[in-house]
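Containing PDB, C-alpha atoms: target.pdb.
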ATOM      1  CA  MET A  23      79.536  64.244 127.442
ATOM      2  CA  GLY A  24      79.364  65.343 123.835
ATOM      3  CA  ILE A  25      82.246  66.916 122.015
ATOM      4  CA  VAL A  26      81.209  69.408 119.369
ATOM      5  CA  GLU A  27      82.819  70.893 116.347
ATOM      6  CA  GLY A  28      81.873  74.517 115.749
ATOM      7  CA  ASP A  29      82.464  76.562 112.618
ATOM      8  CA  ALA A  30      81.002  79.866 111.537
ATOM      9  CA  ASP A  31      78.478  79.421 108.747
ATOM     10  CA  ALA A  32      77.855  81.808 105.899
ATOM     11  CA  ALA A  33      75.248  83.708 107.894
ATOM     12  CA  GLY A  34      77.677  84.358 110.718
ATOM     13  CA  GLY A  35      76.169  81.892 113.168
ATOM     14  CA  VAL A  36      77.722  78.746 114.592
ATOM     15  CA  GLU A  37      76.835  75.230 113.570
ATOM     16  CA  THR A  38      77.653  72.368 115.902
ATOM     17  CA  ARG A  39      77.738  68.645 115.334
ATOM     18  CA  ALA A  40      78.696  65.725 117.527
ATOM     19  CA  VAL A  41      82.211  64.480 116.808
ATOM     20  CA  PRO A  42      83.720  61.215 118.041
ATOM     21  CA  ALA A  43      86.645  61.717 120.408
ATOM     22  CA  GLY A  44      89.013  60.009 117.961
ATOM     23  CA  GLU A  45      88.188  62.487 115.209
ATOM     24  CA  TRP A  46      88.703  65.362 117.614
ATOM     25  CA  GLU A  47      92.171  64.097 118.461
ATOM     26  CA  ARG A  48      93.080  63.746 114.774
ATOM     27  CA  GLU A  49      92.138  67.295 113.793
ATOM     28  CA  PRO A  50      94.796  69.313 111.909
ATOM     29  CA  HIS A  51      97.404  71.213 113.858
ATOM     30  CA  PRO A  52      96.337  74.865 114.266
ATOM     31  CA  SER A  53      99.288  76.142 112.253
ATOM     32  CA  ASP A  54      98.594  73.974 109.171
ATOM     33  CA  SER A  55      96.923  76.800 107.261
ATOM     34  CA  LEU A  56      99.787  79.141 108.095
ATOM     35  CA  ARG A  57     102.373  76.636 106.911
ATOM     36  CA  THR A  58     100.479  76.131 103.662
ATOM     37  CA  PHE A  59     100.282  79.873 103.069
ATOM     38  CA  GLY A  60     103.973  80.219 103.902
ATOM     39  CA  ALA A  61     104.842  77.520 101.392
ATOM     40  CA  VAL A  62     102.939  79.427  98.698
ATOM     41  CA  VAL A  63     104.840  82.617  99.556
ATOM     42  CA  GLN A  64     108.157  80.794  99.374
ATOM     43  CA  ALA A  65     107.319  79.108  96.067
ATOM     44  CA  LEU A  66     106.265  82.369  94.428
ATOM     45  CA  ARG A  67     109.299  84.184  95.839
ATOM     46  CA  GLU A  68     111.681  81.575  94.494
ATOM     47  CA  HIS A  69     109.875  81.536  91.124
ATOM     48  CA  ALA A  70     110.432  85.300  90.951
ATOM     49  CA  GLY A  71     114.139  84.746  91.661
ATOM     50  CA  LEU A  72     114.078  86.620  94.947
ATOM     51  CA  SER A  73     115.893  85.869  98.185
ATOM     52  CA  ARG A  74     114.156  86.427 101.524
ATOM     53  CA  ALA A  75     116.171  89.611 101.931
ATOM     54  CA  ASP A  76     115.025  90.792  98.487
ATOM     55  CA  LEU A  77     111.368  90.131  99.289
ATOM     56  CA  ALA A  78     111.720  91.782 102.681
ATOM     57  CA  ALA A  79     113.091  94.956 101.103
ATOM     58  CA  ARG A  80     110.316  95.111  98.516
ATOM     59  CA  VAL A  81     107.417  94.483 100.887
ATOM     60  CA  GLN A  82     108.967  96.772 103.537
ATOM     61  CA  TYR A  83     109.087  94.144 106.245
ATOM     62  CA  SER A  84     112.099  92.628 107.988
ATOM     63  CA  LYS A  85     113.793  89.485 106.708
ATOM     64  CA  HIS A  86     112.834  87.845 110.015
ATOM     65  CA  THR A  87     109.151  88.581 109.315
ATOM     66  CA  VAL A  88     109.374  87.076 105.841
ATOM     67  CA  GLU A  89     111.057  83.992 107.280
ATOM     68  CA  SER A  90     108.414  83.652 110.028
ATOM     69  CA  VAL A  91     105.590  83.883 107.485
ATOM     70  CA  GLU A  92     107.192  81.330 105.157
ATOM     71  CA  LEU A  93     107.726  78.896 108.032
ATOM     72  CA  GLY A  94     104.110  79.259 109.194
ATOM     73  CA  ARG A  95     105.017  80.919 112.480
ATOM     74  CA  ARG A  96     103.375  84.277 111.885
ATOM     75  CA  MET A  97      99.991  85.481 110.686
ATOM     76  CA  PRO A  98     100.570  87.875 107.744
ATOM     77  CA  ASP A  99      98.661  91.129 107.859
ATOM     78  CA  ALA A 100      96.760  92.555 104.884
ATOM     79  CA  ALA A 101      99.602  94.897 103.900
ATOM     80  CA  PHE A 102     102.090  92.037 103.719
ATOM     81  CA  VAL A 103      99.733  89.977 101.558
ATOM     82  CA  ASP A 104      99.028  92.852  99.148
ATOM     83  CA  ARG A 105     102.669  93.854  98.753
ATOM     84  CA  ALA A 106     103.912  90.275  98.401
ATOM     85  CA  GLU A 107     101.200  89.679  95.803
ATOM     86  CA  GLU A 108     102.433  92.599  93.717
ATOM     87  CA  VAL A 109     106.094  91.673  94.058
ATOM     88  CA  THR A 110     105.553  88.048  93.040
ATOM     89  CA  GLY A 111     103.613  88.781  89.862
ATOM     90  CA  ASN A 112      99.996  89.524  90.837
ATOM     91  CA  THR A 113      98.898  85.942  90.248
ATOM     92  CA  GLY A 114      96.127  86.252  92.828
ATOM     93  CA  ALA A 115      97.414  83.145  94.607
ATOM     94  CA  LEU A 116      98.403  84.916  97.831
ATOM     95  CA  ARG A 117      95.175  86.864  98.186
ATOM     96  CA  LYS A 118      93.142  83.709  97.617
ATOM     97  CA  ALA A 119      95.293  81.653  99.997
ATOM     98  CA  ALA A 120      95.045  84.348 102.681
ATOM     99  CA  ARG A 121      91.264  83.938 102.743
ATOM    100  CA  HIS A 122      91.726  80.480 104.245
ATOM    101  CA  LEU A 123      93.797  81.719 107.182
ATOM    102  CA  THR A 124      91.824  81.843 110.422
ATOM    103  CA  ARG A 125      92.693  84.948 112.373
ATOM    104  CA  GLY A 126      93.939  84.336 115.894
ATOM    105  CA  GLU A 127      94.426  80.556 115.708
ATOM    106  CA  ALA A 128      98.199  80.491 115.471
ATOM    107  CA  GLY A 129      99.509  79.689 118.933
ATOM    108  CA  LEU A 130      96.242  78.213 120.225
ATOM    109  CA  ALA A 131      96.213  74.631 121.448
ATOM    110  CA  ALA A 132      94.460  72.292 119.009
ATOM    111  CA  TRP A 133      91.826  71.290 121.561
ATOM    112  CA  PHE A 134      90.995  74.950 122.288
ATOM    113  CA  ARG A 135      90.603  76.259 118.730
ATOM    114  CA  ARG A 136      86.936  75.433 118.273
ATOM    115  CA  TRP A 137      85.997  76.929 121.613
ATOM    116  CA  ALA A 138      87.841  80.118 120.612
ATOM    117  CA  ARG A 139      85.735  80.285 117.445
ATOM    118  CA  LEU A 140      82.530  79.788 119.397
ATOM    119  CA  GLU A 141      83.703  82.385 121.903
ATOM    120  CA  ARG A 142      83.909  85.026 119.167
ATOM    121  CA  GLU A 143      80.262  84.416 118.224
ATOM    122  CA  ALA A 144      78.778  83.879 121.698
ATOM    123  CA  VAL A 145      76.005  86.102 123.050
ATOM    124  CA  SER A 146      77.178  85.461 126.635
ATOM    125  CA  LEU A 147      80.216  83.904 128.283
ATOM    126  CA  CYS A 148      80.752  82.650 131.840
ATOM    127  CA  THR A 149      84.147  81.587 133.192
ATOM    128  CA  TYR A 150      85.161  79.960 136.470
ATOM    129  CA  GLU A 151      88.885  79.631 137.215
ATOM    130  CA  CYS A 152      90.734  78.095 140.135
ATOM    131  CA  ARG A 153      94.216  77.665 138.572
ATOM    132  CA  LEU A 154      95.260  80.953 137.007
ATOM    133  CA  VAL A 155      93.894  84.301 135.870
ATOM    134  CA  PRO A 156      91.479  83.715 132.954
ATOM    135  CA  GLY A 157      93.100  84.240 129.563
ATOM    136  CA  LEU A 158      90.746  87.100 128.676
ATOM    137  CA  LEU A 159      91.930  89.022 131.763
ATOM    138  CA  GLN A 160      95.672  88.287 131.710
ATOM    139  CA  SER A 161      98.259  91.040 131.398
ATOM    140  CA  GLU A 162     100.920  90.471 128.737
ATOM    141  CA  ALA A 163     103.639  89.924 131.353
ATOM    142  CA  TYR A 164     101.483  87.370 133.187
ATOM    143  CA  ALA A 165     100.653  85.507 129.976
ATOM    144  CA  ARG A 166     104.328  85.442 129.009
ATOM    145  CA  ALA A 167     105.252  84.023 132.428
ATOM    146  CA  VAL A 168     102.591  81.308 132.054
ATOM    147  CA  PHE A 169     103.890  80.272 128.630
ATOM    148  CA  GLU A 170     107.524  80.420 129.728
ATOM    149  CA  GLY A 171     106.723  78.017 132.557
ATOM    150  CA  THR A 172     105.058  75.364 130.423
ATOM    151  CA  ILE A 173     106.647  71.947 129.872
ATOM    152  CA  PRO A 174     107.856  70.945 127.350
ATOM    153  CA  LEU A 175     109.656  74.222 126.796
ATOM    154  CA  ARG A 176     108.689  76.275 123.752
ATOM    155  CA  THR A 177     110.998  77.890 121.233
ATOM    156  CA  ASP A 178     111.072  81.674 121.213
ATOM    157  CA  GLU A 179     108.990  81.662 118.022
ATOM    158  CA  GLU A 180     106.369  79.344 119.515
ATOM    159  CA  LEU A 181     106.211  81.404 122.687
ATOM    160  CA  GLU A 182     105.701  84.630 120.727
ATOM    161  CA  ALA A 183     102.961  82.984 118.647
ATOM    162  CA  GLN A 184     101.160  81.843 121.790
ATOM    163  CA  LEU A 185     101.489  85.261 123.380
ATOM    164  CA  ALA A 186     100.212  87.028 120.261
ATOM    165  CA  ALA A 187      97.223  84.677 120.096
ATOM    166  CA  ARG A 188      96.408  85.273 123.770
ATOM    167  CA  MET A 189      96.549  89.056 123.424
ATOM    168  CA  GLU A 190      94.555  88.982 120.180
ATOM    169  CA  ARG A 191      91.905  86.794 121.750
ATOM    170  CA  GLN A 192      91.278  89.491 124.356
ATOM    171  CA  ALA A 193      90.008  91.788 121.602
ATOM    172  CA  VAL A 194      86.658  89.982 121.788
ATOM    173  CA  MET A 195      85.877  91.868 124.998
ATOM    174  CA  ARG A 196      86.710  95.272 123.516
ATOM    175  CA  GLU A 197      84.910  94.615 120.250
ATOM    176  CA  ARG A 198      81.685  93.247 121.780
ATOM    177  CA  PRO A 199      80.577  95.762 124.462
ATOM    178  CA  THR A 200      76.990  94.451 124.615
ATOM    179  CA  VAL A 201      77.896  90.819 125.265
ATOM    180  CA  PRO A 202      77.803  89.844 128.970
ATOM    181  CA  PHE A 203      81.097  88.435 130.264
ATOM    182  CA  SER A 204      81.023  86.869 133.720
ATOM    183  CA  PHE A 205      84.130  85.738 135.596
ATOM    184  CA  ILE A 206      84.352  83.933 138.927
ATOM    185  CA  VAL A 207      87.924  83.473 140.133
ATOM    186  CA  GLU A 208      89.347  82.011 143.328
ATOM    187  CA  GLU A 209      91.140  84.531 145.566
ATOM    188  CA  HIS A 210      94.301  82.413 145.762
ATOM    189  CA  VAL A 211      94.740  82.872 141.993
ATOM    190  CA  PHE A 212      95.360  86.584 142.530
ATOM    191  CA  ARG A 213      97.628  85.937 145.507
ATOM    192  CA  ARG A 214      99.945  83.605 143.610
ATOM    193  CA  ARG A 215     103.094  85.618 142.910
ATOM    194  CA  PHE A 216     104.912  85.891 139.619
ATOM    195  CA  GLY A 217     107.710  88.273 138.718
ATOM    196  CA  ASP A 218     108.294  91.227 141.007
ATOM    197  CA  ALA A 219     105.885  93.509 142.850
ATOM    198  CA  GLU A 220     105.571  95.813 139.843
ATOM    199  CA  ALA A 221     104.501  92.915 137.618
ATOM    200  CA  MET A 222     101.887  91.898 140.173
ATOM    201  CA  ARG A 223     100.575  95.468 140.392
ATOM    202  CA  GLU A 224     100.396  95.615 136.605
ATOM    203  CA  LEU A 225      98.395  92.378 136.548
ATOM    204  CA  LEU A 226      95.899  93.589 139.153
ATOM    205  CA  ASP A 227      95.564  96.951 137.390
ATOM    206  CA  HIS A 228      94.924  95.116 134.124
ATOM    207  CA  VAL A 229      92.260  92.895 135.668
ATOM    208  CA  LEU A 230      90.572  95.887 137.308
ATOM    209  CA  GLU A 231      90.587  97.793 134.020
ATOM    210  CA  ARG A 232      89.246  94.849 132.009
ATOM    211  CA  SER A 233      86.425  94.296 134.489
ATOM    212  CA  THR A 234      85.306  97.952 134.552
ATOM    213  CA  PRO A 235      82.876  97.959 131.559
ATOM    214  CA  ARG A 236      79.196  97.456 132.381
ATOM    215  CA  ASN A 237      79.025  94.209 130.422
ATOM    216  CA  VAL A 238      81.833  92.599 132.439
ATOM    217  CA  THR A 239      81.258  91.080 135.875
ATOM    218  CA  LEU A 240      84.119  89.828 138.029
ATOM    219  CA  GLN A 241      83.505  88.002 141.292
ATOM    220  CA  VAL A 242      86.157  86.601 143.599
ATOM    221  CA  VAL A 243      85.648  83.497 145.719
ATOM    222  CA  PRO A 244      87.296  84.401 149.058
ATOM    223  CA  LEU A 245      89.661  82.038 150.809
ATOM    224  CA  ASP A 246      87.207  81.560 153.664
ATOM    225  CA  ALA A 247      84.289  80.598 151.385
ATOM    226  CA  GLY A 248      84.849  76.923 152.100
ATOM    227  CA  LEU A 249      84.070  74.028 149.756
ATOM    228  CA  HIS A 250      81.672  74.619 146.881
ATOM    229  CA  ALA A 251      80.030  73.004 143.842
ATOM    230  CA  CYS A 252      82.715  73.850 141.261
ATOM    231  CA  LEU A 253      85.579  71.945 142.848
ATOM    232  CA  ASP A 254      85.759  69.578 139.861
ATOM    233  CA  GLY A 255      87.826  72.242 138.113
ATOM    234  CA  PRO A 256      87.651  75.279 135.840
ATOM    235  CA  VAL A 257      84.735  75.589 133.442
ATOM    236  CA  GLN A 258      83.424  77.929 130.784
ATOM    237  CA  ILE A 259      79.848  78.220 129.547
ATOM    238  CA  LEU A 260      78.580  80.175 126.578
ATOM    239  CA  GLU A 261      75.372  80.729 124.664
ATOM    240  CA  THR A 262      75.415  80.706 120.870
ATOM    241  CA  PRO A 263      73.377  83.139 118.729
ATOM    242  CA  GLU A 264      70.919  80.261 118.201
ATOM    243  CA  GLY A 265      70.316  79.967 121.946
ATOM    244  CA  GLN A 266      72.304  76.757 122.483
ATOM    245  CA  ARG A 267      74.385  76.543 125.643
ATOM    246  CA  LEU A 268      77.765  74.832 125.456
ATOM    247  CA  GLY A 269      80.402  74.105 128.081
ATOM    248  CA  TYR A 270      84.154  73.719 127.999
ATOM    249  CA  SER A 271      86.443  72.048 130.524
ATOM    250  CA  GLU A 272      90.206  71.704 130.382
ATOM    251  CA  GLY A 273      92.825  69.549 132.057
ATOM    252  CA  GLN A 274      96.368  68.344 131.484
ATOM    253  CA  LYS A 275      97.092  68.541 127.736
ATOM    254  CA  ASN A 276      93.443  68.247 126.766
ATOM    255  CA  GLY A 277      90.169  70.068 126.690
ATOM    256  CA  ARG A 278      86.663  69.249 125.596
ATOM    257  CA  LEU A 279      83.571  71.013 124.415
ATOM    258  CA  ILE A 280      80.407  69.790 126.136
ATOM    259  CA  SER A 281      77.165  69.852 124.174
ATOM    260  CA  ASP A 282      74.914  67.376 126.004
ATOM    261  CA  PRO A 283      72.039  69.531 127.365
ATOM    262  CA  LYS A 284      71.863  67.646 130.675
ATOM    263  CA  GLU A 285      75.591  67.979 131.296
ATOM    264  CA  VAL A 286      75.574  71.662 130.379
ATOM    265  CA  SER A 287      72.575  72.212 132.655
ATOM    266  CA  VAL A 288      74.532  70.751 135.580
ATOM    267  CA  LEU A 289      77.456  73.080 134.827
ATOM    268  CA  CYS A 290      75.106  76.060 134.732
ATOM    269  CA  GLN A 291      73.579  75.086 138.072
ATOM    270  CA  ARG A 292      77.019  74.789 139.632
ATOM    271  CA  TYR A 293      78.092  78.136 138.221
ATOM    272  CA  ASP A 294      74.927  79.894 139.400
ATOM    273  CA  THR A 295      75.334  78.411 142.888
ATOM    274  CA  LEU A 296      78.937  79.577 143.097
ATOM    275  CA  ARG A 297      77.934  83.028 141.886
ATOM    276  CA  SER A 298      75.760  83.372 144.978
ATOM    277  CA  GLN A 299      78.632  82.254 147.243
ATOM    278  CA  ALA A 300      81.310  84.535 145.774
ATOM    279  CA  LEU A 301      81.861  88.158 146.715
ATOM    280  CA  ASN A 302      79.715  90.595 144.770
ATOM    281  CA  PRO A 303      81.446  92.693 142.056
ATOM    282  CA  LYS A 304      82.094  95.702 144.301
ATOM    283  CA  GLU A 305      83.456  93.574 147.127
ATOM    284  CA  SER A 306      85.615  91.747 144.607
ATOM    285  CA  ARG A 307      87.100  94.969 143.252
ATOM    286  CA  ASP A 308      87.740  96.166 146.785
ATOM    287  CA  LEU A 309      89.600  92.925 147.522
ATOM    288  CA  LEU A 310      91.787  93.237 144.434
ATOM    289  CA  GLU A 311      92.592  96.838 145.304
ATOM    290  CA  ARG A 312      93.568  95.748 148.838
ATOM    291  CA  LEU A 313      95.808  93.033 147.387
ATOM    292  CA  ARG A 314      97.419  95.639 145.172
ATOM    293  CA  GLY A 315      98.004  97.904 148.144
ATOM    294  CA  GLU A 316      99.770  95.095 150.010
ATOM    295  CA  LEU A 317     102.452  94.789 147.326
TER     296      LEU A 317
END

Spit out the file's structure as structure tokens when you get a sec.
Amino acid sequence: MGIVEGDADAAGGVETRAVPAGEWEREPHPSDSLRTFGAVVQALREHAGLSRADLAARVQYSKHTVESVELGRRMPDAAFVDRAEEVTGNTGALRKAARHLTRGEAGLAAWFRRWARLEREAVSLCTYECRLVPGLLQSEAYARAVFEGTIPLRTDEELEAQLAARMERQAVMRERPTVPFSFIVEEHVFRRRFGDAEAMRELLDHVLERSTPRNVTLQVVPLDAGLHACLDGPVQILETPEGQRLGYSEGQKNGRLISDPKEVSVLCQRYDTLRSQALNPKESRDLLERLRGEL
């Protein structure tokens, strides 16, 4: 299977090239650009003779926010960049450095970053999940519970960065109402309890709301559906603006982008077969509403 590296080109499309597995594993940590930007902020602040508390007061953000930005834990918004630029002497360094920050990548696993970029440009996206609710459909409480349960444990700052990235990633569905999003999820995923009954109801309400738009299709594979073609594990398939289909599969502490046309074709065949075996969208919504009523 081919692993691809995808980056948006100047025209807004996505270019892909085959990348050896070793190079993929050596790619920079997703927070490298944030740490570099934070170091620039700190250097300019110290050159101006300001403490973190001083900078916080002048840019009208908390000292904790300033600290998080300087340590590369938080994505600065445009207002922070503009105000910090003015306070530190209008050198232009912060505005230029901010251009190299990639929105939404803080908190994403290194092996998932390139798929997330492709996802934002895709003209269609299909997702099959058998482990947990797909990230694009997760409620905030559910996502937090998932991150809190990961091993090794995360610091509070790391957890908040992951949660922010997950919630921000969901914006792709709101911002792209003409892109088809298809989800096929095993019934047991929605039956797996977390938190209390109210948290479960909130999750199901969130999923039902997210799957309401005409461009979103959600199908549930019922418990009695038996064995099927996608038992190898979760998979995602997308189509780029250039018409290329790519796949993504994920396992323990790794994930890979699949570009080989034959391999992607097999994934598409499996997905299409499972689509015919799953409940239709109306039946799926009815099932989720019944599950909600049982809580």

Worksheet entry | Residues near region 162-166 of chain A, cut-off 9 Å, all atoms listed in the file, skip fewer than 2 positions along chain, as a PyMOL selection string | chain A and resi 155+157+160+168-171+181-182+184-185+188-189+216-217+221-222+224-225

Item to complete: Using the chain letters and numbers from the file, give me the residues hit by the PyMOL selection byres ((chain A and resi 307-316) around 9), as a PyMOL selection string.
Response: chain A and resi 209+212-213+222-223+226-227+229-230+233+240-242+244+302-306+317

Discussion item. Just want the 10 Å neighbourhood of Gly273 (chain A), counted on all atoms listed in the file, with same-chain residues fewer than 3 positions away dropped. Output as a PyMOL selection string.
Written reply: chain A and resi 255-256+276-278

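CA of Tyr150 (chain A) is positioned 11.4 Å from CA of Glu272 (chain A).
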
Discussion item. Since I can't run it myself right now, could you work out what the PyMOL selection byres ((chain A and resi 266) around 10) selects here and report it as a list in words?
Written reply: Val36, Thr38, Ala144, Leu260, Glu261, Thr262, Pro263, Glu264, Gly265, Arg267, Leu268, Ser281, Pro283 and Val286 of chain A

What does the file look like for those residues with C-alpha atoms, as a PDB file, in the frame of the given file?
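What ended up in part.pdb:
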ATOM      1  CA  VAL A  36      77.722  78.746 114.592  1.00  0.00           C
ATOM      2  CA  THR A  38      77.653  72.368 115.902  1.00  0.00           C
ATOM      3  CA  ALA A 144      78.778  83.879 121.698  1.00  0.00           C
ATOM      4  CA  LEU A 260      78.580  80.175 126.578  1.00  0.00           C
ATOM      5  CA  GLU A 261      75.372  80.729 124.664  1.00  0.00           C
ATOM      6  CA  THR A 262      75.415  80.706 120.870  1.00  0.00           C
ATOM      7  CA  PRO A 263      73.377  83.139 118.729  1.00  0.00           C
ATOM      8  CA  GLU A 264      70.919  80.261 118.201  1.00  0.00           C
ATOM      9  CA  GLY A 265      70.316  79.967 121.946  1.00  0.00           C
ATOM     10  CA  ARG A 267      74.385  76.543 125.643  1.00  0.00           C
ATOM     11  CA  LEU A 268      77.765  74.832 125.456  1.00  0.00           C
ATOM     12  CA  SER A 281      77.165  69.852 124.174  1.00  0.00           C
ATOM     13  CA  PRO A 283      72.039  69.531 127.365  1.00  0.00           C
ATOM     14  CA  VAL A 286      75.574  71.662 130.379  1.00  0.00           C
TER      15      VAL A 286
END

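CA of Pro199 (chain A) sits 24.3 Å away from CA of Leu154 (chain A).
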
Worksheet item: How many Å lie between CA of Arg142 (chain A) and CA of Gln192 (chain A), rounded to one decimal?
Response: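 Result for CA of Arg142 (chain A) versus CA of Gln192 (chain A): 10.1 Å, one decimal.
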
Worksheet item: Using all atoms listed in the file, which of A:Gln291, A:Thr234, A:Thr110, A:Ser146 sits nearest Val81 (chain A)?
Response: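 Of the candidates, the smallest distance to Val81 (chain A) is held by A:Thr110.
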